[in-house]
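Participant: One structure, pasted below without further comment.
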Amino acid sequence: MLNHSNEDRTGERSAPIVVIAPDSFKGSLDASAVAAAMADGIKRACPDAQVRICPMADGGEGTLSAVAGAGGRLLTIGVQGAGGARRSAAIGLLPDGSALIESAEIVGLTDPTGTRTPVLERSTTGVGEAIRHVLDLGVKTIYLALGGSSTNDGGAGLLVALGVRLLDAQGHEVKPVPAQLSRVATVDIGALDRRLMDVVLIGMSDVKSPLAGRTGATYVFGPQKGVEPGQLESTDQALVTFADAVERAFDRTARERPGAGAAGGLGFALYMLGADLEPGGEVVARKVGLDRALQGAHWLLTGEGRSDSQTLSGKAPFVAASFAHAAGVPTTLLSGSIDPHSLRDLNGHFRGCFSIVPGPVALDDAMRNSASYLANQAEQVARLMLV
């Protein structure tokens, strides 16, 4: 139980201040809906609680929604999807004058049209088109959320959309898709959009993988995007061939830098353009004002669809807990499921880790009723922590 019984000058007990900062429950509720359900449960237990809501994300799907929800506006543009078909996608224009592009919004794993195209024929051209659109608006700081992409092209499409030419040994144009990257002999950057020289690019990712090799983009993340076991070696080698030519053209190396393998190699392309990569959850926390929300707070409640050892590798609940710890605020984790083998590690960062399901339930039932399960469990935890 938290001590929030300080009295004001009239002798009345001050109301507890609760910050709610969850990630989405993927496939079920976005972060705002998760936060609303948690707030409902807390208010049932403690009607006078002051609730401050800061929906979170970690650079993957939902990042744009979380950040734009804290201010700014969404703008819908036309771009090329992962499979080449035109589609509409949202970008965020933020109050500080920066812009946010979410790769999952353009070439995401959840886009059925894009993922119907074989992974070796998908590209990140649409992400480059989104950058070009933002440049047309005069934006000088661009954030790119890299999680949740369905592509594995090393960022070739992005570079081509910004003016780079990929050429084979005969000087013919090479299509910027994984199946063709082994043909790249030279890279011409003469027509690269010059406006990039005056822009700050920041990639948002917690992935530390290099571009290629056994710990790189293809071997680690390729299978979940559709790369078959028999395609891993040739696809990885194609990225190496591509990187050789790109690094010669830009006269810099980046393939081994942490995060070069993020989003199928988008991290590598961003490094070539002079970008920095920052932990996605930390960028989101700053953009949504989590540090301000924690001022004077008594408790933080966070959560995600499933919590395990990966949670502590920069996922949104871990970042929220880190910010809360710095502010001296205890944090409770309330997730769809909790890996029992990870509890010892999780308990080092959270004051209690709880699953929302009331007992053995089918997955579709848990997802369908996640809002009510969240509210019910938040109420019970709040009765322990606040009442």
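By order of appearance in the structure tokens: chains A, B, ..., then residues from 1 within every chain, and ligands from 1 in the order shown.
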Counting only C-alpha atoms, what is within 6 Å of range 245-257 of chain A, bar same-chain residues fewer than 5 positions away, as a PyMOL selection string?

Facilitator: chain A and resi 186-187+210-211

Participant: What are the DSSP alpha helix (DSSP H) residues of range 78-150 of chain A, as a list in words?

Facilitator: Ser103, Ala104, Glu105, Ile106, Val107, Pro112, Thr113, Gly114, Thr115, Thr125, Gly126, Val127, Gly128, Glu129, Ala130, Ile131, Arg132, His133, Val134, Leu135 and Asp136 of chain A

Participant: Can you list, as a list in words, every protein, DNA or RNA residue that comes within 9 Å of Arg165 in chain A when you count only C-alpha atoms, leaving out same-chain residues fewer than 6 positions away?

Facilitator: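 The residues satisfying every condition are Leu159, Glu173, Val174, Thr186, Val187, Asp188, Ile189, Gly190, Ala191 and Leu192 of chain A.
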
Participant: How close does range 129-208 of chain A get to range 229-235 of chain A? List, as CSV, each residue of range 129-208 of chain A within 10 Å, its nearest atom pair and the distance in Å to one decimal, counting only C-alpha atoms.

Facilitator:
residue,atom,partner,partner_atom,distance
A:Asn152,CA,A:Thr235,CA,8.7
A:Asp153,CA,A:Thr235,CA,9.2
A:Pro178,CA,A:Thr235,CA,6.6
A:Ala179,CA,A:Thr235,CA,7.3
A:Gln180,CA,A:Thr235,CA,9.6
A:Leu181,CA,A:Thr235,CA,8.5
A:Ser182,CA,A:Thr235,CA,8.3

Participant: Taking C-alpha atoms for each residue, export the selection above as an mmCIF file, in the first residue's frame.

Facilitator:
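Final output, saved to out.cif:
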data_model
loop_
_atom_site.group_PDB
_atom_site.id
_atom_site.type_symbol
_atom_site.label_atom_id
_atom_site.label_comp_id
_atom_site.auth_asym_id
_atom_site.auth_seq_id
_atom_site.Cartn_x
_atom_site.Cartn_y
_atom_site.Cartn_z
ATOM 1 C CA ASN A 152 14.285 -6.972 -45.503
ATOM 2 C CA ASP A 153 15.816 -4.763 -48.216
ATOM 3 C CA PRO A 178 16.099 -8.272 -51.641
ATOM 4 C CA ALA A 179 15.858 -10.616 -54.641
ATOM 5 C CA GLN A 180 17.871 -8.165 -56.767
ATOM 6 C CA LEU A 181 20.424 -6.744 -54.322
ATOM 7 C CA SER A 182 23.064 -9.348 -55.205
#

Participant: Of the candidates A:Ala21, A:Ser28, A:Ala238, A:Asp193, which shows the shortest atom-to-atom distance to Ala324 in chain A, using only C-alpha atoms?

Facilitator: A:Ala21

Participant: Given only C-alpha atoms as the basis, pick out the residue of A:Gly280, A:Gly314, A:Pro258, A:Gly154 nearest to Thr218 in chain A.

Facilitator: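 Ranked by minimum distance to Thr218 in chain A, first place goes to A:Gly154.
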
Participant: Got a sec: who's within 12 Å of Pro358 in chain A, counting only C-alpha atoms, leaving out chain neighbours fewer than 6 positions off, as JSON, numbers by chain?

Facilitator: {"A": [336, 337, 365, 366, 369, 370, 372, 373, 374, 375, 376, 377, 380]}

Participant: Keeping C-alpha atoms, export the residues of the selection given above as an mmCIF file, in the first residue's frame.

Facilitator:
data_model
loop_
_atom_site.group_PDB
_atom_site.id
_atom_site.type_symbol
_atom_site.label_atom_id
_atom_site.label_comp_id
_atom_site.auth_asym_id
_atom_site.auth_seq_id
_atom_site.Cartn_x
_atom_site.Cartn_y
_atom_site.Cartn_z
ATOM 1 C CA GLY A 336 -2.159 -9.823 -20.828
ATOM 2 C CA SER A 337 0.162 -12.614 -19.763
ATOM 3 C CA ASP A 365 -11.869 -14.821 -25.455
ATOM 4 C CA ALA A 366 -9.007 -13.025 -23.689
ATOM 5 C CA ASN A 369 -12.750 -9.181 -23.396
ATOM 6 C CA SER A 370 -9.401 -7.547 -22.720
ATOM 7 C CA SER A 372 -13.145 -5.543 -19.108
ATOM 8 C CA TYR A 373 -10.398 -7.866 -17.842
ATOM 9 C CA LEU A 374 -8.037 -4.895 -17.668
ATOM 10 C CA ALA A 375 -10.494 -2.749 -15.758
ATOM 11 C CA ASN A 376 -11.296 -5.533 -13.301
ATOM 12 C CA GLN A 377 -7.684 -6.334 -12.564
ATOM 13 C CA GLN A 380 -8.090 -5.074 -7.664
#

Participant: To one decimal place, how far is CA of Ala37 in chain A from CA of Glu379 in chain A in Å?

Facilitator: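 Computed distance, CA of Ala37 in chain A to CA of Glu379 in chain A, equals 9.8 Å.
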
Participant: Can you pull out the residues contacting range 120-130 of chain A? Cut-off 7 Å, using only C-alpha atoms, and skip same-chain residues under 5 positions away; I want them as a VMD selection string.

Facilitator: chain A and resid 79 to 83 103 106 to 107 151 153 155 to 162 176 to 179

Participant: Give me every strand (DSSP E or B) residue in range 239-332 of chain A, going by DSSP on the backbone, as a PyMOL selection string.

Facilitator: chain A and resi 276-278+299-302+306-307+331-332

Participant: What does the distance between CA of Gly148 in chain A and CA of Gly108 in chain A come to in Å, to one decimal place?

Facilitator: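 About the pair CA of Gly148 in chain A and CA of Gly108 in chain A: they are 5.5 Å apart.
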
Participant: What are the closest atom pairs, with distances in Å to one decimal, for all residues of range 311-356 of chain A lying within 12 Å of range 273-279 of chain A? Consider only C-alpha atoms, order rows by chain and residue number, and present the result as a Markdown table.

Facilitator:
| residue | atom | partner | partner_atom | distance |
| --- | --- | --- | --- | --- |
| A:Ser313 | CA | A:Pro279 | CA | 9.9 |
| A:Gly314 | CA | A:Pro279 | CA | 7.0 |
| A:Lys315 | CA | A:Pro279 | CA | 9.1 |
| A:Ala316 | CA | A:Pro279 | CA | 10.0 |
| A:Phe318 | CA | A:Pro279 | CA | 11.6 |
| A:Val319 | CA | A:Pro279 | CA | 9.3 |

Participant: Write out, as a PDB file, in the first residue's frame, the residues just selected, with N, CA and C atoms.

Facilitator:
ATOM      1  N   SER A 313      14.375  -5.334 -22.277  1.00  0.00           N
ATOM      2  CA  SER A 313      15.303  -4.923 -23.333  1.00  0.00           C
ATOM      3  C   SER A 313      14.812  -3.653 -24.018  1.00  0.00           C
ATOM      4  N   GLY A 314      14.237  -2.756 -23.246  1.00  0.00           N
ATOM      5  CA  GLY A 314      13.815  -1.470 -23.786  1.00  0.00           C
ATOM      6  C   GLY A 314      12.374  -1.384 -24.211  1.00  0.00           C
ATOM      7  N   LYS A 315      11.546  -2.386 -23.858  1.00  0.00           N
ATOM      8  CA  LYS A 315      10.132  -2.299 -24.184  1.00  0.00           C
ATOM      9  C   LYS A 315       9.476  -1.171 -23.374  1.00  0.00           C
ATOM     10  N   ALA A 316       8.313  -0.737 -23.830  1.00  0.00           N
ATOM     11  CA  ALA A 316       7.658   0.431 -23.248  1.00  0.00           C
ATOM     12  C   ALA A 316       7.447   0.334 -21.732  1.00  0.00           C
ATOM     13  N   PHE A 318       9.188  -1.223 -19.489  1.00  0.00           N
ATOM     14  CA  PHE A 318      10.478  -1.069 -18.829  1.00  0.00           C
ATOM     15  C   PHE A 318      10.924   0.391 -18.851  1.00  0.00           C
ATOM     16  N   VAL A 319      10.740   1.046 -19.988  1.00  0.00           N
ATOM     17  CA  VAL A 319      11.103   2.460 -20.077  1.00  0.00           C
ATOM     18  C   VAL A 319      10.254   3.280 -19.111  1.00  0.00           C
TER      19      VAL A 319
END

Participant: Would you compute the distance between CA of Gly303 in chain A and CA of Pro317 in chain A? Give it in Å to one decimal.

Facilitator: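 CA of Pro317 in chain A lies 5.8 Å from CA of Gly303 in chain A.
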
Participant: Rank nothing, just name the residue among A:Pro118, A:Ile142, A:Gly59, A:Leu166 nearest to Gly84 in chain A, using only C-alpha atoms.

Facilitator: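 Among A:Pro118, A:Ile142, A:Gly59, A:Leu166, it is A:Pro118 that comes nearest to Gly84 in chain A.
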
Participant: I need the residue nearest Val119 in chain A from this list: A:Met385, A:Ala185, A:Leu334, A:Val227. Use only C-alpha atoms for the distance.

Facilitator: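 Counting only C-alpha atoms, the residue closest to Val119 in chain A is A:Val227.
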